[in-house]
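Enquirer: Structure file upload-v4.cif (mmCIF, C-alpha atoms and all ligand atoms) right here:
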data_run
loop_
_atom_site.group_PDB
_atom_site.id
_atom_site.type_symbol
_atom_site.label_atom_id
_atom_site.label_comp_id
_atom_site.auth_asym_id
_atom_site.auth_seq_id
_atom_site.Cartn_x
_atom_site.Cartn_y
_atom_site.Cartn_z
ATOM 1 C CA MET G 174 -43.550 72.933 41.808
ATOM 2 C CA ASN G 175 -42.926 75.510 39.097
ATOM 3 C CA THR G 176 -43.569 73.490 35.942
ATOM 4 C CA LYS G 177 -43.037 75.260 32.648
ATOM 5 C CA LEU G 178 -45.769 74.195 30.257
ATOM 6 C CA PHE G 179 -45.624 74.164 26.446
ATOM 7 C CA ASN G 180 -45.301 77.478 24.665
ATOM 8 C CA ILE G 181 -47.937 76.698 22.085
ATOM 9 C CA GLU G 182 -47.617 79.957 20.207
ATOM 10 C CA GLU G 183 -43.946 79.224 19.630
ATOM 11 C CA ILE G 184 -44.836 75.830 18.152
ATOM 12 C CA ARG G 185 -47.561 77.278 15.928
ATOM 13 C CA ARG G 186 -45.227 80.015 14.693
ATOM 14 C CA ARG G 187 -42.500 77.576 13.764
ATOM 15 C CA LEU G 188 -44.557 74.881 12.082
ATOM 16 C CA ILE G 189 -44.089 74.900 8.358
ATOM 17 C CA ASP G 190 -47.448 74.444 6.724
ATOM 18 C CA GLU G 191 -46.096 72.100 4.080
ATOM 19 C CA GLU G 192 -47.609 72.462 0.664
ATOM 20 C CA GLY G 193 -50.161 69.756 0.061
ATOM 21 C CA VAL G 194 -50.532 68.881 3.743
ATOM 22 C CA ASP G 195 -53.348 70.619 5.496
ATOM 23 C CA CYS G 196 -51.779 70.876 8.924
ATOM 24 C CA HIS G 197 -53.953 71.729 11.931
ATOM 25 C CA PHE G 198 -52.505 71.827 15.407
ATOM 26 C CA PHE G 199 -54.556 71.236 18.576
ATOM 27 C CA TYR G 200 -53.397 71.432 22.176
ATOM 28 C CA CYS G 201 -54.951 70.712 25.530
ATOM 29 C CA GLU G 202 -53.388 70.559 28.948
ATOM 30 C CA THR G 203 -54.961 67.270 30.085
ATOM 31 C CA VAL G 204 -56.430 64.479 28.002
ATOM 32 C CA ASP G 205 -56.913 60.737 28.485
ATOM 33 C CA SER G 206 -54.626 59.808 25.587
ATOM 34 C CA THR G 207 -53.670 61.891 22.557
ATOM 35 C CA ASN G 208 -54.142 58.780 20.395
ATOM 36 C CA ASP G 209 -57.694 58.356 21.706
ATOM 37 C CA TRP G 210 -58.328 62.085 21.259
ATOM 38 C CA ALA G 211 -57.185 61.867 17.621
ATOM 39 C CA LYS G 212 -59.290 58.741 17.076
ATOM 40 C CA ARG G 213 -62.400 60.478 18.462
ATOM 41 C CA GLU G 214 -61.789 63.355 16.054
ATOM 42 C CA GLY G 215 -61.193 60.846 13.260
ATOM 43 C CA ARG G 216 -64.593 59.264 13.935
ATOM 44 C CA LYS G 217 -66.169 62.736 13.706
ATOM 45 C CA GLY G 218 -64.707 63.121 10.220
ATOM 46 C CA VAL G 219 -61.871 65.593 10.924
ATOM 47 C CA PRO G 220 -59.574 65.672 7.867
ATOM 48 C CA GLY G 221 -56.141 64.075 7.921
ATOM 49 C CA GLY G 222 -53.188 66.228 8.960
ATOM 50 C CA ALA G 223 -54.477 67.166 12.415
ATOM 51 C CA ILE G 224 -51.944 67.131 15.251
ATOM 52 C CA TYR G 225 -52.947 66.590 18.887
ATOM 53 C CA LEU G 226 -50.526 67.560 21.639
ATOM 54 C CA ALA G 227 -51.148 67.335 25.371
ATOM 55 C CA GLU G 228 -49.139 68.227 28.438
ATOM 56 C CA ARG G 229 -50.670 65.464 30.523
ATOM 57 C CA GLN G 230 -52.267 62.098 29.669
ATOM 58 C CA THR G 231 -54.435 60.380 32.274
ATOM 59 C CA ALA G 232 -54.609 57.135 30.287
ATOM 60 C CA GLY G 233 -51.556 57.203 28.013
ATOM 61 C CA LYS G 234 -51.179 53.969 26.093
ATOM 62 C CA GLY G 235 -48.123 52.028 25.074
ATOM 63 C CA ARG G 236 -48.010 49.053 22.741
ATOM 64 C CA ARG G 237 -49.491 45.718 23.739
ATOM 65 C CA GLY G 238 -51.850 47.250 26.304
ATOM 66 C CA ARG G 239 -49.076 48.798 28.373
ATOM 67 C CA ILE G 240 -49.508 52.085 30.243
ATOM 68 C CA TRP G 241 -47.479 55.068 28.992
ATOM 69 C CA HIS G 242 -46.525 57.617 31.644
ATOM 70 C CA THR G 243 -46.263 61.216 30.490
ATOM 71 C CA ALA G 244 -43.920 63.355 32.580
ATOM 72 C CA VAL G 245 -45.566 66.804 32.777
ATOM 73 C CA GLY G 246 -43.384 69.713 31.672
ATOM 74 C CA THR G 247 -40.564 67.443 30.480
ATOM 75 C CA SER G 248 -41.930 65.192 27.755
ATOM 76 C CA VAL G 249 -43.809 65.344 24.474
ATOM 77 C CA SER G 250 -47.015 63.333 23.969
ATOM 78 C CA MET G 251 -48.452 63.915 20.565
ATOM 79 C CA SER G 252 -50.545 62.154 17.920
ATOM 80 C CA ILE G 253 -51.189 62.761 14.251
ATOM 81 C CA LEU G 254 -54.418 61.892 12.489
ATOM 82 C CA LEU G 255 -53.928 60.778 8.882
ATOM 83 C CA ARG G 256 -56.216 59.625 6.119
ATOM 84 C CA PRO G 257 -53.762 57.977 3.727
ATOM 85 C CA ASP G 258 -55.123 56.258 0.691
ATOM 86 C CA LEU G 259 -53.033 53.128 1.156
ATOM 87 C CA PRO G 260 -53.594 49.373 1.208
ATOM 88 C CA ALA G 261 -53.612 47.914 4.734
ATOM 89 C CA ASP G 262 -50.255 46.173 4.259
ATOM 90 C CA LYS G 263 -48.551 49.542 3.661
ATOM 91 C CA ILE G 264 -50.056 51.306 6.658
ATOM 92 C CA PHE G 265 -47.522 49.799 9.038
ATOM 93 C CA MET G 266 -44.723 51.511 7.088
ATOM 94 C CA LEU G 267 -46.019 54.775 8.542
ATOM 95 C CA THR G 268 -44.453 53.714 11.838
ATOM 96 C CA LEU G 269 -41.099 53.606 10.053
ATOM 97 C CA VAL G 270 -41.779 56.996 8.463
ATOM 98 C CA MET G 271 -42.452 58.415 11.917
ATOM 99 C CA GLY G 272 -39.396 56.689 13.407
ATOM 100 C CA MET G 273 -37.178 58.284 10.775
ATOM 101 C CA ALA G 274 -38.837 61.682 11.354
ATOM 102 C CA VAL G 275 -38.215 61.445 15.104
ATOM 103 C CA VAL G 276 -34.541 60.615 14.498
ATOM 104 C CA ASP G 277 -34.206 63.454 11.995
ATOM 105 C CA GLY G 278 -36.036 65.948 14.211
ATOM 106 C CA ILE G 279 -33.956 65.135 17.286
ATOM 107 C CA ARG G 280 -30.757 65.362 15.240
ATOM 108 C CA ARG G 281 -31.662 68.929 14.295
ATOM 109 C CA VAL G 282 -31.823 69.907 17.947
ATOM 110 C CA CYS G 283 -29.250 67.641 19.627
ATOM 111 C CA ASP G 284 -25.862 66.296 18.760
ATOM 112 C CA LEU G 285 -26.526 62.667 19.634
ATOM 113 C CA ASP G 286 -26.094 59.224 18.122
ATOM 114 C CA ILE G 287 -29.658 58.001 17.601
ATOM 115 C CA GLN G 288 -30.852 54.538 16.603
ATOM 116 C CA ILE G 289 -34.120 52.745 15.939
ATOM 117 C CA LYS G 290 -35.243 49.500 17.501
ATOM 118 C CA TRP G 291 -37.510 48.273 14.747
ATOM 119 C CA PRO G 292 -40.192 49.330 14.397
ATOM 120 C CA ASN G 293 -41.446 51.370 17.352
ATOM 121 C CA ASP G 294 -38.638 52.572 19.604
ATOM 122 C CA VAL G 295 -36.105 55.350 19.161
ATOM 123 C CA ILE G 296 -32.916 54.650 21.079
ATOM 124 C CA ILE G 297 -29.989 56.649 22.425
ATOM 125 C CA GLY G 298 -27.089 54.973 24.216
ATOM 126 C CA GLY G 299 -28.924 51.649 24.255
ATOM 127 C CA LYS G 300 -31.991 53.083 26.007
ATOM 128 C CA LYS G 301 -35.403 54.170 24.818
ATOM 129 C CA ILE G 302 -36.037 57.853 24.269
ATOM 130 C CA CYS G 303 -39.285 57.624 22.306
ATOM 131 C CA GLY G 304 -42.055 55.107 21.699
ATOM 132 C CA ILE G 305 -44.385 55.106 18.706
ATOM 133 C CA LEU G 306 -47.925 53.731 18.725
ATOM 134 C CA THR G 307 -49.713 53.448 15.361
ATOM 135 C CA GLU G 308 -53.410 52.612 15.361
ATOM 136 C CA MET G 309 -55.794 52.132 12.464
ATOM 137 C CA SER G 310 -59.578 52.533 12.550
ATOM 138 C CA SER G 311 -61.548 49.324 12.009
ATOM 139 C CA GLY G 312 -62.964 50.720 8.756
ATOM 140 C CA MET G 313 -59.395 51.639 7.714
ATOM 141 C CA ASP G 314 -60.524 55.195 6.974
ATOM 142 C CA TYR G 315 -57.977 56.849 9.250
ATOM 143 C CA VAL G 316 -54.692 56.155 11.012
ATOM 144 C CA VAL G 317 -53.343 57.687 14.214
ATOM 145 C CA ILE G 318 -49.624 57.754 14.978
ATOM 146 C CA GLY G 319 -48.720 58.700 18.533
ATOM 147 C CA ILE G 320 -45.285 59.465 19.899
ATOM 148 C CA GLY G 321 -44.093 59.850 23.448
ATOM 149 C CA ILE G 322 -40.656 61.458 23.857
ATOM 150 C CA ASN G 323 -38.609 61.824 27.021
ATOM 151 C CA VAL G 324 -37.152 65.281 26.521
ATOM 152 C CA ASN G 325 -36.127 66.868 29.834
ATOM 153 C CA VAL G 326 -36.976 63.979 32.157
ATOM 154 C CA SER G 327 -34.241 64.012 34.803
ATOM 155 C CA SER G 328 -34.824 60.600 36.405
ATOM 156 C CA PHE G 329 -36.776 57.407 35.857
ATOM 157 C CA SER G 330 -38.367 54.906 38.224
ATOM 158 C CA GLU G 331 -36.265 51.916 39.189
ATOM 159 C CA GLU G 332 -38.347 49.812 36.833
ATOM 160 C CA LEU G 333 -37.632 52.052 33.808
ATOM 161 C CA ALA G 334 -34.151 53.345 34.591
ATOM 162 C CA GLY G 335 -32.394 50.397 32.934
ATOM 163 C CA THR G 336 -34.186 50.808 29.620
ATOM 164 C CA SER G 337 -35.270 54.488 29.382
ATOM 165 C CA THR G 338 -33.395 57.724 28.936
ATOM 166 C CA SER G 339 -34.067 61.348 27.960
ATOM 167 C CA LEU G 340 -32.493 63.985 25.748
ATOM 168 C CA PHE G 341 -31.609 65.898 28.906
ATOM 169 C CA LEU G 342 -29.756 62.931 30.413
ATOM 170 C CA GLU G 343 -27.944 62.117 27.176
ATOM 171 C CA GLN G 344 -27.113 65.655 26.139
ATOM 172 C CA GLY G 345 -26.435 67.024 29.619
ATOM 173 C CA ARG G 346 -28.544 70.131 29.087
ATOM 174 C CA PHE G 347 -32.172 71.138 28.806
ATOM 175 C CA VAL G 348 -33.619 70.859 25.327
ATOM 176 C CA SER G 349 -36.509 72.952 24.030
ATOM 177 C CA ARG G 350 -39.612 70.764 23.814
ATOM 178 C CA GLU G 351 -41.056 73.257 21.351
ATOM 179 C CA PHE G 352 -38.048 72.923 19.005
ATOM 180 C CA VAL G 353 -38.101 69.115 19.236
ATOM 181 C CA THR G 354 -41.838 69.040 18.500
ATOM 182 C CA VAL G 355 -41.593 71.358 15.506
ATOM 183 C CA GLU G 356 -38.513 69.680 14.002
ATOM 184 C CA ILE G 357 -40.110 66.229 14.278
ATOM 185 C CA LEU G 358 -43.355 67.435 12.705
ATOM 186 C CA ASN G 359 -41.578 69.174 9.850
ATOM 187 C CA SER G 360 -39.457 66.065 9.200
ATOM 188 C CA PHE G 361 -42.546 63.904 9.377
ATOM 189 C CA TRP G 362 -44.428 65.899 6.745
ATOM 190 C CA LYS G 363 -41.363 65.821 4.497
ATOM 191 C CA TYR G 364 -41.018 62.015 4.680
ATOM 192 C CA TYR G 365 -44.772 61.441 4.650
ATOM 193 C CA LYS G 366 -45.184 63.363 1.422
ATOM 194 C CA ILE G 367 -42.413 61.394 -0.274
ATOM 195 C CA PHE G 368 -43.782 58.122 1.086
ATOM 196 C CA MET G 369 -47.262 58.900 -0.260
ATOM 197 C CA ASN G 370 -45.768 59.700 -3.671
ATOM 198 C CA THR G 371 -43.483 56.696 -3.966
ATOM 199 C CA GLY G 372 -45.498 54.197 -1.900
ATOM 200 C CA ASP G 373 -42.258 52.941 -0.367
ATOM 201 C CA ILE G 374 -39.511 53.873 2.072
ATOM 202 C CA SER G 375 -36.761 54.346 -0.517
ATOM 203 C CA ALA G 376 -36.286 57.976 0.585
ATOM 204 C CA PHE G 377 -34.716 56.841 3.867
ATOM 205 C CA PHE G 378 -34.107 53.103 3.409
ATOM 206 C CA GLN G 379 -30.295 53.326 3.512
ATOM 207 C CA GLU G 380 -30.252 55.605 6.519
ATOM 208 C CA TYR G 381 -32.757 53.417 8.375
ATOM 209 C CA GLN G 382 -30.541 50.357 7.827
ATOM 210 C CA LYS G 383 -27.573 52.272 9.206
ATOM 211 C CA ILE G 384 -29.300 53.225 12.434
ATOM 212 C CA LEU G 385 -31.134 49.944 12.957
ATOM 213 C CA VAL G 386 -30.074 48.798 16.404
ATOM 214 C CA ASN G 387 -31.468 45.270 15.918
ATOM 215 C CA ARG G 388 -29.057 44.506 13.089
ATOM 216 C CA GLY G 389 -26.713 41.643 13.930
ATOM 217 C CA ARG G 390 -28.540 40.972 17.187
ATOM 218 C CA SER G 391 -30.253 37.846 18.419
ATOM 219 C CA VAL G 392 -33.975 38.423 18.611
ATOM 220 C CA ARG G 393 -37.091 36.527 19.590
ATOM 221 C CA VAL G 394 -39.999 37.066 17.220
ATOM 222 C CA LEU G 395 -43.291 36.797 19.040
ATOM 223 C CA ASP G 396 -45.583 35.793 16.225
ATOM 224 C CA PRO G 397 -49.169 34.673 16.889
ATOM 225 C CA ALA G 398 -48.498 31.923 14.337
ATOM 226 C CA GLY G 399 -45.525 30.650 16.383
ATOM 227 C CA SER G 400 -42.548 32.349 18.033
ATOM 228 C CA PHE G 401 -38.978 31.795 16.938
ATOM 229 C CA CYS G 402 -35.457 33.033 17.626
ATOM 230 C CA GLY G 403 -32.882 34.195 15.129
ATOM 231 C CA MET G 404 -30.453 36.836 13.972
ATOM 232 C CA ALA G 405 -31.830 40.180 12.721
ATOM 233 C CA LEU G 406 -30.165 40.987 9.385
ATOM 234 C CA GLY G 407 -31.771 44.324 8.495
ATOM 235 C CA ILE G 408 -34.958 45.490 6.827
ATOM 236 C CA ASN G 409 -36.149 44.922 3.269
ATOM 237 C CA GLY G 410 -37.717 47.455 0.890
ATOM 238 C CA ARG G 411 -41.155 46.822 2.397
ATOM 239 C CA GLY G 412 -39.864 47.778 5.827
ATOM 240 C CA GLU G 413 -40.052 44.219 7.137
ATOM 241 C CA LEU G 414 -37.354 42.917 9.472
ATOM 242 C CA LEU G 415 -35.314 40.081 7.995
ATOM 243 C CA VAL G 416 -34.579 37.434 10.594
ATOM 244 C CA LYS G 417 -32.438 34.352 9.955
ATOM 245 C CA ARG G 418 -34.056 31.604 11.971
ATOM 246 C CA GLU G 419 -31.954 29.696 14.458
ATOM 247 C CA ASP G 420 -33.925 26.455 14.046
ATOM 248 C CA ASN G 421 -33.873 25.945 10.260
ATOM 249 C CA GLY G 422 -31.605 28.691 8.883
ATOM 250 C CA ALA G 423 -34.407 30.183 6.753
ATOM 251 C CA THR G 424 -34.676 33.965 6.467
ATOM 252 C CA GLU G 425 -38.126 35.274 7.378
ATOM 253 C CA ALA G 426 -39.449 38.732 6.564
ATOM 254 C CA VAL G 427 -41.195 39.824 9.740
ATOM 255 C CA TYR G 428 -44.153 42.153 9.355
ATOM 256 C CA SER G 429 -44.634 44.471 12.288
ATOM 257 C CA GLY G 430 -48.420 44.366 12.182
ATOM 258 C CA GLU G 431 -48.353 40.852 13.573
ATOM 259 C CA VAL G 432 -45.328 40.457 15.741
ATOM 260 C CA SER G 433 -43.195 41.848 18.484
ATOM 261 C CA VAL G 434 -39.420 41.575 18.385
ATOM 262 C CA ARG G 435 -37.458 41.307 21.605
ATOM 263 C CA GLY G 436 -33.737 41.238 22.167
ATOM 264 C CA LEU G 437 -32.831 37.765 23.318
ATOM 265 C CA TYR G 438 -30.293 38.829 25.932
ATOM 266 C CA SER G 439 -31.334 42.408 26.752
ATOM 267 C CA TYR G 440 -33.920 45.102 25.973
ATOM 268 C CA LEU G 441 -32.202 45.626 22.609
HETATM 269 C C1 LIG C 501 -44.650 52.252 23.189
HETATM 270 O O1 LIG C 501 -43.440 52.430 23.259
HETATM 271 O O2 LIG C 501 -45.184 51.263 23.712
HETATM 272 C C2 LIG C 501 -45.485 53.272 22.476
HETATM 273 C C3 LIG C 501 -45.705 54.476 23.330
HETATM 274 C C4 LIG C 501 -46.540 55.541 22.673
HETATM 275 C C5 LIG C 501 -46.885 56.656 23.619
HETATM 276 C C6 LIG C 501 -47.554 57.797 22.936
HETATM 277 S S1 LIG C 501 -47.691 59.215 23.979
HETATM 278 C C7 LIG C 501 -48.728 59.980 22.811
HETATM 279 C C8 LIG C 501 -49.649 58.909 22.267
HETATM 280 N N1 LIG C 501 -50.824 58.762 23.111
HETATM 281 C C9 LIG C 501 -50.869 57.586 23.729
HETATM 282 O O3 LIG C 501 -51.757 57.222 24.513
HETATM 283 N N2 LIG C 501 -49.797 56.859 23.383
HETATM 284 C C10 LIG C 501 -48.957 57.539 22.420
#
Step by step, read the file and then write its structure as structure tokens.

Expert:
Amino acid sequence: MNTKLFNIEEIRRRLIDEEGVDCHFFYCETVDSTNDWAKREGRKGVPGGAIYLAERQTAGKGRRGRIWHTAVGTSVSMSILLRPDLPADKIFMLTLVMGMAVVDGIRRVCDLDIQIKWPNDVIIGGKKICGILTEMSSGMDYVVIGIGINVNVSSFSEELAGTSTSLFLEQGRFVSREFVTVEILNSFWKYYKIFMNTGDISAFFQEYQKILVNRGRSVRVLDPAGSFCGMALGINGRGELLVKREDNGATEAVYSGEVSVRGLYSYL
């Protein structure tokens, strides 16, 4: 098979080294997981701002212990190591910052209607195009945000076909993985800088609400303290999902660090 691998020089050339963000870009063809790679570097004391991209992951991780399959030559698997000086309860907002950056980055390359399934999935046409996995070190001295994007994947297994899609399938043409990578990174640094200055998500709050696919949908909140069902109303200024409970009518602010939100009747 003639697989076209990443053109790393093209990515390096196009990355804007944003003022105030010391951006270092690392690539390797095969790694266990880019998140684990970034975490290993984090433990060694590598400064925040490092980006880890791989063509192939042998042990790619999804949320909740799931396996993440990386399609070689057609997807993007990348992690960013950060050392934000933030209280633990604000760290989870970084997942929203990344979600918005992925939406923004894809919009710069494709003409597609993109949504977010709070807080980790980026959606096109009701199916998942990108998953985000945010991990924090136990000493809270660094954070790793990993993204897996289906760019030019042309087909999915029977198991995934109902819930996953790719830019290629949605757009009907090949999309440059290099462009997507660079646009997402540049958007991320833009939003990250604002987020670190303001300490909140006001820079993209309105837009996030607009593209929130959960809004007005019945969801099941899987909370270790007790699961419940309700109607998702939107997010609040802290990035929490507001859910009006079915059982007692109370509106709960759901914090993504603790819970998982599932559509009650479908993936969404
Ligand atoms: C999810 O949807 O469950 C999150 C998927 C996150 C996958 C990415 S691929 C790059 C990075 N490295 C990993 O091992 N996982 C994340």

Enquirer: Once the PyMOL selection byres (((chain G and resi 262) around 12) and not hetatm) has been applied to the shown file, what residues remain in the selection, as an MDAnalysis selection string?

Expert: chainID G and resid 258:261 263:267 309 313 372:373 411:413 428:431

Enquirer: Using C-alpha atoms, can you write the selected residues to a file as an mmCIF file, in the frame of the given file?

Expert:
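Printed below is out.cif as written:
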data_model
loop_
_atom_site.group_PDB
_atom_site.id
_atom_site.type_symbol
_atom_site.label_atom_id
_atom_site.label_comp_id
_atom_site.auth_asym_id
_atom_site.auth_seq_id
_atom_site.Cartn_x
_atom_site.Cartn_y
_atom_site.Cartn_z
ATOM 1 C CA ASP G 258 -55.123 56.258 0.691
ATOM 2 C CA LEU G 259 -53.033 53.128 1.156
ATOM 3 C CA PRO G 260 -53.594 49.373 1.208
ATOM 4 C CA ALA G 261 -53.612 47.914 4.734
ATOM 5 C CA LYS G 263 -48.551 49.542 3.661
ATOM 6 C CA ILE G 264 -50.056 51.306 6.658
ATOM 7 C CA PHE G 265 -47.522 49.799 9.038
ATOM 8 C CA MET G 266 -44.723 51.511 7.088
ATOM 9 C CA LEU G 267 -46.019 54.775 8.542
ATOM 10 C CA MET G 309 -55.794 52.132 12.464
ATOM 11 C CA MET G 313 -59.395 51.639 7.714
ATOM 12 C CA GLY G 372 -45.498 54.197 -1.900
ATOM 13 C CA ASP G 373 -42.258 52.941 -0.367
ATOM 14 C CA ARG G 411 -41.155 46.822 2.397
ATOM 15 C CA GLY G 412 -39.864 47.778 5.827
ATOM 16 C CA GLU G 413 -40.052 44.219 7.137
ATOM 17 C CA TYR G 428 -44.153 42.153 9.355
ATOM 18 C CA SER G 429 -44.634 44.471 12.288
ATOM 19 C CA GLY G 430 -48.420 44.366 12.182
ATOM 20 C CA GLU G 431 -48.353 40.852 13.573
#

Enquirer: Which residues are close to Arg185 in chain G, i.e. within 10 Å by all atoms listed in the file, leaving aside same-chain residues fewer than 2 positions away? Reply as a ChimeraX atom specification.

Expert: /G:180-183,187-190,197-199,351,355

Enquirer: Which distance in Å separates CA of Ser400 in chain G and atom O2 of ligand LIG 501 (chain C), to one decimal?

Expert: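 One can read the CA of Ser400 in chain G to atom O2 of ligand LIG 501 (chain C) distance as 19.9 Å.
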
Enquirer: Compute the set of protein, DNA and RNA residues whose minimum atom distance to ligand LIG 501 (chain C) is at most 6 Å, using only C-alpha atoms and all ligand atoms, and state it as a list in words.

Expert: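 The neighbouring residues of ligand LIG 501 (chain C) are, in order, Ser206, Thr207, Asn208, Gly233, Lys234, Gly235, Arg236, Trp241, Ser250, Met251, Ser252, Gly304, Ile305, Leu306, Gly319, Ile320 and Gly321 of chain G.
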
Enquirer: Just to confirm, what's the straight-line distance from CA of Val316 in chain G to CA of Leu254 in chain G in Å (one decimal)?

Expert: 5.9 Å

Enquirer: Which residues match the PyMOL selection byres (((chain G and resi 366) around 12) and not hetatm) in the file above, as a list in words?

Expert: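 Answer for the PyMOL selection byres (((chain G and resi 366) around 12) and not hetatm): Glu191, Glu192, Gly193, Val194, Asp195, Gly222, Leu255, Pro257, Leu267, Val270, Met271, Ala274, Asn359, Ser360, Phe361, Trp362, Lys363, Tyr364, Tyr365, Ile367, Phe368, Met369, Asn370, Thr371, Gly372, Asp373, Ile374 and Ala376 of chain G.
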
Enquirer: Select, from G:Asn409, G:Ser391, G:Ser330, G:Asn325, the residue with the minimum atom-to-atom distance to Phe378 in chain G, counting only C-alpha atoms.

Expert: G:Asn409

Enquirer: Find, counting all atoms listed in the file, the residue in G:Thr424, G:Ser439, G:Thr176, G:Thr338 that gets nearest to Asn387 in chain G.

Expert: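 Closest to Asn387 in chain G of all the choices is G:Ser439.
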
Enquirer: Point out the residue among G:Thr268, G:Thr354, G:Ser349, G:Ser339 with the least atom-to-atom distance to Val317 in chain G, counting all atoms listed in the file.

Expert: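 Residue with the minimum atom-to-atom distance to Val317 in chain G: G:Thr268.
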
Enquirer: Can you list, as an MDAnalysis selection string, every protein, DNA or RNA residue that comes within 12 Å of Arg393 in chain G when you count all atoms listed in the file, leaving out same-chain residues fewer than 3 positions away?

Expert: chainID G and resid 387 390 396 399:405 414 416:420 427 432:441
